[in-house]
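As stored in data.cif (mmCIF, C-alpha atoms and all ligand atoms):
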data_entry
loop_
_atom_site.group_PDB
_atom_site.id
_atom_site.type_symbol
_atom_site.label_atom_id
_atom_site.label_comp_id
_atom_site.auth_asym_id
_atom_site.auth_seq_id
_atom_site.Cartn_x
_atom_site.Cartn_y
_atom_site.Cartn_z
ATOM 1 C CA MET Y 21 88.075 12.314 93.160
ATOM 2 C CA ASP Y 22 88.121 15.044 90.504
ATOM 3 C CA ALA Y 23 91.195 17.246 90.094
ATOM 4 C CA CYS Y 24 89.555 20.365 91.582
ATOM 5 C CA LEU Y 25 88.427 18.560 94.687
ATOM 6 C CA ALA Y 26 91.838 16.917 95.008
ATOM 7 C CA ALA Y 27 93.539 20.314 94.773
ATOM 8 C CA ARG Y 28 91.225 21.815 97.416
ATOM 9 C CA ARG Y 29 92.003 18.950 99.754
ATOM 10 C CA GLY Y 30 95.702 19.464 99.254
ATOM 11 C CA TYR Y 31 96.513 16.289 97.326
ATOM 12 C CA LEU Y 32 97.798 18.218 94.327
ATOM 13 C CA ALA Y 33 100.114 21.215 94.424
ATOM 14 C CA PRO Y 34 98.479 24.101 92.520
ATOM 15 C CA MET Y 35 101.528 24.536 90.343
ATOM 16 C CA SER Y 36 101.759 25.114 86.592
ATOM 17 C CA PRO Y 37 104.525 23.282 84.646
ATOM 18 C CA PRO Y 38 108.039 24.282 85.759
ATOM 19 C CA ARG Y 39 109.747 27.023 83.769
ATOM 20 C CA ALA Y 40 113.176 26.563 85.361
ATOM 21 C CA ALA Y 41 114.927 23.921 87.427
ATOM 22 C CA LEU Y 42 118.227 23.766 89.210
ATOM 23 C CA THR Y 43 120.206 21.778 91.739
ATOM 24 C CA LEU Y 44 121.023 23.306 95.118
ATOM 25 C CA ALA Y 45 124.056 21.286 96.193
ATOM 26 C CA SER Y 46 124.101 22.454 99.833
ATOM 27 C CA PRO Y 47 122.179 24.598 102.350
ATOM 28 C CA GLU Y 48 124.642 27.399 101.513
ATOM 29 C CA ASP Y 49 123.637 27.163 97.831
ATOM 30 C CA THR Y 50 119.982 27.474 98.791
ATOM 31 C CA CYS Y 51 120.799 30.463 100.970
ATOM 32 C CA ALA Y 52 122.766 32.124 98.169
ATOM 33 C CA LEU Y 53 119.859 31.716 95.768
ATOM 34 C CA ALA Y 54 117.441 33.240 98.284
ATOM 35 C CA ALA Y 55 119.833 36.159 98.839
ATOM 36 C CA ALA Y 56 120.148 36.658 95.076
ATOM 37 C CA LEU Y 57 116.360 36.843 94.655
ATOM 38 C CA ALA Y 58 115.777 39.126 97.647
ATOM 39 C CA PRO Y 59 116.793 42.513 96.138
ATOM 40 C CA GLY Y 60 114.342 42.051 93.234
ATOM 41 C CA LEU Y 61 111.309 41.602 95.484
ATOM 42 C CA ARG Y 62 108.720 44.250 96.315
ATOM 43 C CA PRO Y 63 105.443 44.442 98.255
ATOM 44 C CA GLY Y 64 102.711 42.473 96.486
ATOM 45 C CA ASP Y 65 105.079 39.660 95.518
ATOM 46 C CA VAL Y 66 104.034 36.199 96.709
ATOM 47 C CA LEU Y 67 106.380 33.192 96.733
ATOM 48 C CA LEU Y 68 104.710 29.815 97.210
ATOM 49 C CA LEU Y 69 107.224 27.401 98.758
ATOM 50 C CA SER Y 70 106.185 23.770 98.364
ATOM 51 C CA GLY Y 71 107.849 20.431 99.056
ATOM 52 C CA GLU Y 72 107.847 17.723 101.697
ATOM 53 C CA ILE Y 73 108.753 18.146 105.373
ATOM 54 C CA GLY Y 74 112.462 18.994 105.594
ATOM 55 C CA ALA Y 75 112.686 19.946 101.916
ATOM 56 C CA GLY Y 76 114.253 23.317 102.754
ATOM 57 C CA LYS Y 77 111.339 25.785 102.548
ATOM 58 C CA THR Y 78 112.032 27.449 105.900
ATOM 59 C CA HIS Y 79 115.769 27.476 105.259
ATOM 60 C CA PHE Y 80 115.148 29.326 101.981
ATOM 61 C CA ALA Y 81 112.649 31.738 103.591
ATOM 62 C CA ARG Y 82 114.964 32.450 106.534
ATOM 63 C CA CYS Y 83 117.873 33.315 104.220
ATOM 64 C CA LEU Y 84 115.649 35.501 102.074
ATOM 65 C CA ILE Y 85 114.238 37.410 105.060
ATOM 66 C CA GLN Y 86 117.684 37.866 106.599
ATOM 67 C CA ALA Y 87 118.991 39.144 103.244
ATOM 68 C CA LEU Y 88 116.260 41.810 103.328
ATOM 69 C CA GLN Y 89 116.924 42.857 106.917
ATOM 70 C CA GLU Y 90 119.365 45.638 107.747
ATOM 71 C CA MET Y 91 120.370 43.728 110.886
ATOM 72 C CA PRO Y 92 119.675 40.014 110.231
ATOM 73 C CA GLU Y 93 117.686 38.635 113.163
ATOM 74 C CA ASP Y 94 116.410 35.261 114.255
ATOM 75 C CA VAL Y 95 113.768 33.884 111.857
ATOM 76 C CA PRO Y 96 111.918 31.019 113.583
ATOM 77 C CA SER Y 97 109.716 28.648 111.619
ATOM 78 C CA PRO Y 98 106.098 29.883 111.902
ATOM 79 C CA THR Y 99 104.922 26.293 112.390
ATOM 80 C CA PHE Y 100 102.658 27.151 115.331
ATOM 81 C CA THR Y 101 102.008 30.867 114.876
ATOM 82 C CA LEU Y 102 101.136 30.182 111.174
ATOM 83 C CA VAL Y 103 102.330 33.661 110.233
ATOM 84 C CA GLN Y 104 105.211 35.868 111.295
ATOM 85 C CA SER Y 105 105.858 39.336 109.897
ATOM 86 C CA TYR Y 106 109.042 41.388 109.608
ATOM 87 C CA ASP Y 107 109.678 45.041 108.821
ATOM 88 C CA THR Y 108 112.485 45.441 106.309
ATOM 89 C CA PRO Y 109 113.757 48.327 104.168
ATOM 90 C CA ALA Y 110 112.052 46.596 101.186
ATOM 91 C CA GLY Y 111 108.698 46.671 103.004
ATOM 92 C CA GLU Y 112 106.847 44.294 105.254
ATOM 93 C CA VAL Y 113 107.622 40.584 104.806
ATOM 94 C CA TRP Y 114 105.150 37.891 105.823
ATOM 95 C CA HIS Y 115 106.360 34.348 106.402
ATOM 96 C CA ALA Y 116 103.528 31.824 106.617
ATOM 97 C CA ASP Y 117 103.493 28.085 107.268
ATOM 98 C CA LEU Y 118 100.016 26.808 106.496
ATOM 99 C CA TYR Y 119 100.695 23.152 107.357
ATOM 100 C CA ARG Y 120 98.413 23.390 110.392
ATOM 101 C CA LEU Y 121 95.766 25.531 108.727
ATOM 102 C CA GLY Y 122 92.404 24.104 109.729
ATOM 103 C CA ASP Y 123 90.283 25.577 106.999
ATOM 104 C CA PRO Y 124 91.006 27.883 104.020
ATOM 105 C CA ASP Y 125 88.633 30.416 105.671
ATOM 106 C CA GLN Y 126 91.281 30.868 108.361
ATOM 107 C CA VAL Y 127 93.491 32.504 105.718
ATOM 108 C CA GLU Y 128 91.173 35.510 105.776
ATOM 109 C CA GLU Y 129 91.307 35.690 109.581
ATOM 110 C CA LEU Y 130 95.101 35.618 109.518
ATOM 111 C CA GLY Y 131 95.059 38.704 107.276
ATOM 112 C CA LEU Y 132 96.993 36.843 104.625
ATOM 113 C CA PHE Y 133 94.871 37.988 101.682
ATOM 114 C CA GLU Y 134 95.534 41.611 102.558
ATOM 115 C CA ALA Y 135 99.231 40.794 102.980
ATOM 116 C CA PHE Y 136 99.294 39.288 99.465
ATOM 117 C CA GLU Y 137 98.590 42.843 98.229
ATOM 118 C CA THR Y 138 100.696 44.879 100.635
ATOM 119 C CA ALA Y 139 103.674 42.759 101.704
ATOM 120 C CA ILE Y 140 106.312 40.410 100.332
ATOM 121 C CA CYS Y 141 104.813 37.023 101.225
ATOM 122 C CA LEU Y 142 106.618 33.694 101.591
ATOM 123 C CA VAL Y 143 104.119 30.872 102.001
ATOM 124 C CA GLU Y 144 105.032 27.325 103.030
ATOM 125 C CA TRP Y 145 102.470 24.567 102.367
ATOM 126 C CA PRO Y 146 100.581 26.706 99.814
ATOM 127 C CA ASP Y 147 98.501 23.671 98.790
ATOM 128 C CA ARG Y 148 96.432 24.486 101.909
ATOM 129 C CA LEU Y 149 95.197 27.578 100.048
ATOM 130 C CA GLY Y 150 93.610 25.426 97.329
ATOM 131 C CA GLU Y 151 92.007 27.692 94.762
ATOM 132 C CA LEU Y 152 92.738 30.731 96.923
ATOM 133 C CA ALA Y 153 96.440 30.786 95.975
ATOM 134 C CA PRO Y 154 97.211 33.999 94.082
ATOM 135 C CA PRO Y 155 97.689 33.100 90.379
ATOM 136 C CA GLU Y 156 100.372 35.769 89.908
ATOM 137 C CA ALA Y 157 102.632 34.139 92.528
ATOM 138 C CA LEU Y 158 106.029 32.572 91.902
ATOM 139 C CA SER Y 159 105.927 28.861 92.792
ATOM 140 C CA LEU Y 160 109.119 27.257 94.085
ATOM 141 C CA HIS Y 161 109.003 23.503 94.604
ATOM 142 C CA PHE Y 162 111.769 21.780 96.602
ATOM 143 C CA THR Y 163 112.517 18.060 96.358
ATOM 144 C CA ALA Y 164 115.278 15.761 97.579
ATOM 145 C CA GLY Y 165 118.516 15.787 95.613
ATOM 146 C CA GLU Y 166 121.052 13.111 94.859
ATOM 147 C CA ASP Y 167 122.712 13.294 98.263
ATOM 148 C CA GLU Y 168 121.617 14.324 101.735
ATOM 149 C CA ASP Y 169 122.621 17.962 101.360
ATOM 150 C CA ALA Y 170 121.308 18.455 97.833
ATOM 151 C CA ARG Y 171 117.893 19.661 96.740
ATOM 152 C CA ARG Y 172 116.191 20.095 93.378
ATOM 153 C CA LEU Y 173 114.267 23.290 92.886
ATOM 154 C CA GLU Y 174 111.617 23.800 90.237
ATOM 155 C CA ALA Y 175 110.203 27.241 89.586
ATOM 156 C CA ALA Y 176 106.891 27.963 87.900
ATOM 157 C CA TRP Y 177 105.098 31.179 87.132
ATOM 158 C CA THR Y 178 102.666 32.597 84.618
ATOM 159 C CA ASP Y 179 102.931 36.301 85.487
ATOM 160 C CA PRO Y 180 105.577 38.036 83.303
ATOM 161 C CA ARG Y 181 106.508 39.931 86.490
ATOM 162 C CA TRP Y 182 108.864 37.040 87.246
ATOM 163 C CA ASP Y 183 110.536 36.835 83.822
ATOM 164 C CA GLY Y 184 113.235 39.370 84.652
ATOM 165 C CA VAL Y 185 113.339 38.954 88.409
ATOM 166 C CA ILE Y 186 114.810 35.496 88.542
ATOM 167 C CA PRO Y 187 117.734 35.344 86.119
ATOM 168 C CA PRO Y 188 119.576 33.034 88.552
ATOM 169 C CA LEU Y 189 116.803 30.492 88.008
ATOM 170 C CA ALA Y 190 116.443 30.946 84.266
ATOM 171 C CA ALA Y 191 120.194 30.454 83.651
HETATM 172 N N1 LIG Y 201 120.447 22.023 99.796
HETATM 173 C C1 LIG Y 201 119.731 22.276 100.908
HETATM 174 N N2 LIG Y 201 118.832 23.302 100.895
HETATM 175 C C2 LIG Y 201 118.083 23.558 101.991
HETATM 176 N N3 LIG Y 201 118.137 22.885 103.149
HETATM 177 C C3 LIG Y 201 118.991 21.843 103.204
HETATM 178 C C4 LIG Y 201 119.815 21.500 102.095
HETATM 179 N N4 LIG Y 201 120.560 20.425 102.455
HETATM 180 C C5 LIG Y 201 120.238 20.123 103.713
HETATM 181 N N5 LIG Y 201 119.294 20.971 104.184
HETATM 182 C C6 LIG Y 201 118.751 20.902 105.548
HETATM 183 O O1 LIG Y 201 117.436 20.425 105.463
HETATM 184 C C7 LIG Y 201 116.676 21.028 106.502
HETATM 185 C C8 LIG Y 201 115.480 21.745 105.880
HETATM 186 O O2 LIG Y 201 114.640 22.123 106.930
HETATM 187 P P1 LIG Y 201 113.489 23.180 106.740
HETATM 188 O O3 LIG Y 201 112.984 23.503 108.092
HETATM 189 O O4 LIG Y 201 113.957 24.290 105.877
HETATM 190 O O5 LIG Y 201 112.410 22.308 105.949
HETATM 191 P P2 LIG Y 201 110.927 22.707 105.548
HETATM 192 O O6 LIG Y 201 110.795 22.406 104.093
HETATM 193 O O7 LIG Y 201 110.638 24.098 105.968
HETATM 194 O O8 LIG Y 201 110.066 21.652 106.371
HETATM 195 P P3 LIG Y 201 108.586 21.817 107.032
HETATM 196 O O9 LIG Y 201 107.611 21.333 106.012
HETATM 197 O O10 LIG Y 201 108.658 20.917 108.237
HETATM 198 O O11 LIG Y 201 108.356 23.252 107.392
HETATM 199 C C9 LIG Y 201 117.590 21.994 107.248
HETATM 200 O O12 LIG Y 201 118.091 21.335 108.378
HETATM 201 C C10 LIG Y 201 118.699 22.252 106.252
HETATM 202 O O13 LIG Y 201 119.932 22.547 106.871
HETATM 203 MG MG MG Y 202 109.229 24.922 107.226
#

Show me, as structure tokens, the structure contained in the file I just sent.
Amino acid sequence: MDACLAARRGYLAPMSPPRAALTLASPEDTCALAAALAPGLRPGDVLLLSGEIGAGKTHFARCLIQALQEMPEDVPSPTFTLVQSYDTPAGEVWHADLYRLGDPDQVEELGLFEAFETAICLVEWPDRLGELAPPEALSLHFTAGEDEDARRLEAAWTDPRWDGVIPPLAA
């Protein structure tokens, strides 16, 4: 199978080489990182959250959304709804979980392409987008760490937009 076809079918994450990597020693560490990134985000920003089941994508997204909310509310995993949106003082936030996406065409029906332009978007299982993933997005890839409560996080981006926004990652 060629690389393009493999990427479309979701075998390869559409991620450029990592620009920063760090260890998140506990769920609280992951939450603190999400909260540190939150104030720098604005509508039109897309974060692609990749990693295996249980890697911590929803945990990160939940902490980030709650950090943006005036009154932090329940943030369920959008496993079955595919997308969930939130109004925050920083603008609308879309949280998507594309694991169950049937076909990339469904992304259009969900309104996700429009949201990429108008909202802060957090997208789990972005490999389902294949070539439709926005190239200016920040990619965050979670993997298992050395112990049960640790995770490794690799960040990749090409858009200079992210150079100054994520000093906690670049440190
Ligand atoms: N360092 C850590 N960072 C994030 N989560 C952690 C960490 N250590 C342990 N966990 C736990 O791992 C679990 C991660 O679950 P989560 O739902 O966030 O995974 P996910 O990547 O969204 O999986 P899925 O692909 O099923 O949506 C949570 O129970 C969380 O408490
Ligand atoms: Mg999840």

> Do you know which residues the PyMOL selection byres (((chain Y and resi 34-48) around 9) and not hetatm) returns on this file, as a PyMOL selection string?
Replying inline: chain Y and resi 27+30+32-33+49-53+76+79-80+146-147+149-151+153+159-161+165-178+189-191

>> Please identify all protein, DNA and RNA residues within 8 Å of ligand MG 202 (chain Y), counting all atoms listed in the file, and report them as a list in words.
In response: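 Checking all atoms listed in the file against ligand MG 202 (chain Y) at 8 Å gives Ile73, Gly74, Gly76, Lys77, Thr78, His79, Ser97, Pro98, Thr99, Asp117 and Glu144 of chain Y.
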
Got a sec: who's within 8 Å of range 137-143 of chain Y, counting all atoms listed in the file, leaving out chain neighbours fewer than 6 positions off, as a short mmCIF file (atom, residue, chain, number, x, y, z; two decimals) with C-alpha atoms, in the coordinates of the input?
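Once written, out00.cif looks like this:
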data_model
loop_
_atom_site.label_atom_id
_atom_site.label_comp_id
_atom_site.auth_asym_id
_atom_site.auth_seq_id
_atom_site.Cartn_x
_atom_site.Cartn_y
_atom_site.Cartn_z
CA LEU Y 61 111.31 41.60 95.48
CA ARG Y 62 108.72 44.25 96.32
CA PRO Y 63 105.44 44.44 98.26
CA GLY Y 64 102.71 42.47 96.49
CA ASP Y 65 105.08 39.66 95.52
CA VAL Y 66 104.03 36.20 96.71
CA LEU Y 67 106.38 33.19 96.73
CA LEU Y 68 104.71 29.82 97.21
CA LEU Y 69 107.22 27.40 98.76
CA ALA Y 81 112.65 31.74 103.59
CA GLY Y 111 108.70 46.67 103.00
CA GLU Y 112 106.85 44.29 105.25
CA VAL Y 113 107.62 40.58 104.81
CA TRP Y 114 105.15 37.89 105.82
CA HIS Y 115 106.36 34.35 106.40
CA ALA Y 116 103.53 31.82 106.62
CA ASP Y 117 103.49 28.08 107.27
CA LEU Y 118 100.02 26.81 106.50
#

> Which residues fall under the PyMOL selection byres (((chain Y and resi 95) around 8) and not hetatm) in this file, as a ChimeraX atom specification?
Replying inline: /Y:82,85-86,93-94,96-97

>> Rounded to one decimal, what separation in Å do you get between atom O13 of ligand LIG 201 (chain Y) and CA of Gly184 in chain Y?
In response: 28.7 Å

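CA of Ala164 in chain Y is positioned 9.0 Å from atom C5 of ligand LIG 201 (chain Y).
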
> Quick one: of Y:Thr108, Y:Gln126, Y:Thr101, Y:Thr163, who's nearest to ligand LIG 201 (chain Y), counting all atoms listed in the file?
Replying inline: Y:Thr163

>> My list of candidates is Y:Leu121, Y:Ala157, Y:Phe162, Y:Phe136. Which is closest to Pro180 in chain Y when distances are computed with only C-alpha atoms?
In response: Y:Ala157

Where is the centre and how long are the edges: axis-aligned box on ligand LIG 201 (chain Y), 3 Å on each side, Å to one decimal, as JSON:
{"center_x": 114.1, "center_y": 22.2, "center_z": 104.1, "size_x": 18.9, "size_y": 10.2, "size_z": 14.6}

> In Å to one decimal, how far is CA of Gly60 in chain Y from CA of Trp182 in chain Y?
Replying inline: 9.5 Å

> Which one is closest to ligand LIG 201 (chain Y): Y:Asp179, Y:Ala58, Y:Pro109, Y:Trp145? Count only C-alpha atoms and all ligand atoms.
Replying inline: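 Ranking Y:Asp179, Y:Ala58, Y:Pro109, Y:Trp145 by distance to ligand LIG 201 (chain Y), first place goes to Y:Trp145.
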
Completed range 64-93 of chain Y (N, CA and C atoms) as an mmCIF file, in the coordinates of the input:
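Saved to result.cif:
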data_model
loop_
_atom_site.group_PDB
_atom_site.id
_atom_site.type_symbol
_atom_site.label_atom_id
_atom_site.label_comp_id
_atom_site.auth_asym_id
_atom_site.auth_seq_id
_atom_site.Cartn_x
_atom_site.Cartn_y
_atom_site.Cartn_z
ATOM 1 N N GLY Y 64 103.656 43.015 97.462
ATOM 2 C CA GLY Y 64 102.711 42.473 96.486
ATOM 3 C C GLY Y 64 103.234 41.201 95.837
ATOM 4 N N ASP Y 65 104.516 40.902 96.053
ATOM 5 C CA ASP Y 65 105.079 39.660 95.518
ATOM 6 C C ASP Y 65 104.768 38.507 96.468
ATOM 7 N N VAL Y 66 104.337 37.383 95.905
ATOM 8 C CA VAL Y 66 104.034 36.199 96.709
ATOM 9 C C VAL Y 66 104.860 35.030 96.180
ATOM 10 N N LEU Y 67 105.601 34.385 97.080
ATOM 11 C CA LEU Y 67 106.380 33.192 96.733
ATOM 12 C C LEU Y 67 105.740 32.000 97.429
ATOM 13 N N LEU Y 68 105.323 31.019 96.655
ATOM 14 C CA LEU Y 68 104.710 29.815 97.210
ATOM 15 C C LEU Y 68 105.787 28.743 97.302
ATOM 16 N N LEU Y 69 106.118 28.336 98.524
ATOM 17 C CA LEU Y 69 107.224 27.401 98.758
ATOM 18 C C LEU Y 69 106.651 26.024 99.089
ATOM 19 N N SER Y 70 106.763 25.092 98.144
ATOM 20 C CA SER Y 70 106.185 23.770 98.364
ATOM 21 C C SER Y 70 107.279 22.710 98.442
ATOM 22 N N GLY Y 71 106.895 21.535 98.894
ATOM 23 C CA GLY Y 71 107.849 20.431 99.056
ATOM 24 C C GLY Y 71 107.586 19.738 100.387
ATOM 25 N N GLU Y 72 108.107 18.536 100.505
ATOM 26 C CA GLU Y 72 107.847 17.723 101.697
ATOM 27 C C GLU Y 72 108.484 18.324 102.956
ATOM 28 N N ILE Y 73 108.138 17.754 104.103
ATOM 29 C CA ILE Y 73 108.753 18.146 105.373
ATOM 30 C C ILE Y 73 110.272 17.988 105.257
ATOM 31 N N GLY Y 74 110.999 19.047 105.645
ATOM 32 C CA GLY Y 74 112.462 18.994 105.594
ATOM 33 C C GLY Y 74 113.048 19.287 104.222
ATOM 34 N N ALA Y 75 112.202 19.703 103.290
ATOM 35 C CA ALA Y 75 112.686 19.946 101.916
ATOM 36 C C ALA Y 75 113.574 21.179 101.829
ATOM 37 N N GLY Y 76 113.407 22.124 102.769
ATOM 38 C CA GLY Y 76 114.253 23.317 102.754
ATOM 39 C C GLY Y 76 113.489 24.617 102.589
ATOM 40 N N LYS Y 77 112.173 24.592 102.749
ATOM 41 C CA LYS Y 77 111.339 25.785 102.548
ATOM 42 C C LYS Y 77 111.670 26.874 103.575
ATOM 43 N N THR Y 78 111.734 26.466 104.853
ATOM 44 C CA THR Y 78 112.032 27.449 105.900
ATOM 45 C C THR Y 78 113.460 27.962 105.765
ATOM 46 N N HIS Y 79 114.366 27.067 105.432
ATOM 47 C CA HIS Y 79 115.769 27.476 105.259
ATOM 48 C C HIS Y 79 115.863 28.562 104.183
ATOM 49 N N PHE Y 80 115.166 28.345 103.072
ATOM 50 C CA PHE Y 80 115.148 29.326 101.981
ATOM 51 C C PHE Y 80 114.515 30.636 102.465
ATOM 52 N N ALA Y 81 113.362 30.535 103.134
ATOM 53 C CA ALA Y 81 112.649 31.738 103.591
ATOM 54 C C ALA Y 81 113.493 32.523 104.592
ATOM 55 N N ARG Y 82 114.133 31.798 105.512
ATOM 56 C CA ARG Y 82 114.964 32.450 106.534
ATOM 57 C C ARG Y 82 116.095 33.250 105.876
ATOM 58 N N CYS Y 83 116.762 32.634 104.905
ATOM 59 C CA CYS Y 83 117.873 33.315 104.220
ATOM 60 C C CYS Y 83 117.365 34.524 103.450
ATOM 61 N N LEU Y 84 116.198 34.385 102.845
ATOM 62 C CA LEU Y 84 115.649 35.501 102.074
ATOM 63 C C LEU Y 84 115.290 36.671 103.002
ATOM 64 N N ILE Y 85 114.633 36.351 104.114
ATOM 65 C CA ILE Y 85 114.238 37.410 105.060
ATOM 66 C C ILE Y 85 115.492 38.085 105.637
ATOM 67 N N GLN Y 86 116.469 37.280 106.012
ATOM 68 C CA GLN Y 86 117.684 37.866 106.599
ATOM 69 C C GLN Y 86 118.436 38.717 105.579
ATOM 70 N N ALA Y 87 118.343 38.342 104.289
ATOM 71 C CA ALA Y 87 118.991 39.144 103.244
ATOM 72 C C ALA Y 87 118.294 40.499 103.087
ATOM 73 N N LEU Y 88 117.013 40.554 103.449
ATOM 74 C CA LEU Y 88 116.260 41.810 103.328
ATOM 75 C C LEU Y 88 116.409 42.697 104.569
ATOM 76 N N GLN Y 89 116.825 42.090 105.674
ATOM 77 C CA GLN Y 89 116.924 42.857 106.917
ATOM 78 C C GLN Y 89 118.241 43.635 106.986
ATOM 79 N N GLU Y 90 118.146 44.850 107.553
ATOM 80 C CA GLU Y 90 119.365 45.638 107.747
ATOM 81 C C GLU Y 90 120.286 44.931 108.748
ATOM 82 N N MET Y 91 119.649 44.479 109.851
ATOM 83 C CA MET Y 91 120.370 43.728 110.886
ATOM 84 C C MET Y 91 119.723 42.343 110.927
ATOM 85 N N PRO Y 92 120.310 41.336 110.266
ATOM 86 C CA PRO Y 92 119.675 40.014 110.231
ATOM 87 C C PRO Y 92 119.354 39.497 111.632
ATOM 88 N N GLU Y 93 118.094 39.131 111.852
ATOM 89 C CA GLU Y 93 117.686 38.635 113.163
ATOM 90 C C GLU Y 93 117.208 37.195 113.048
#
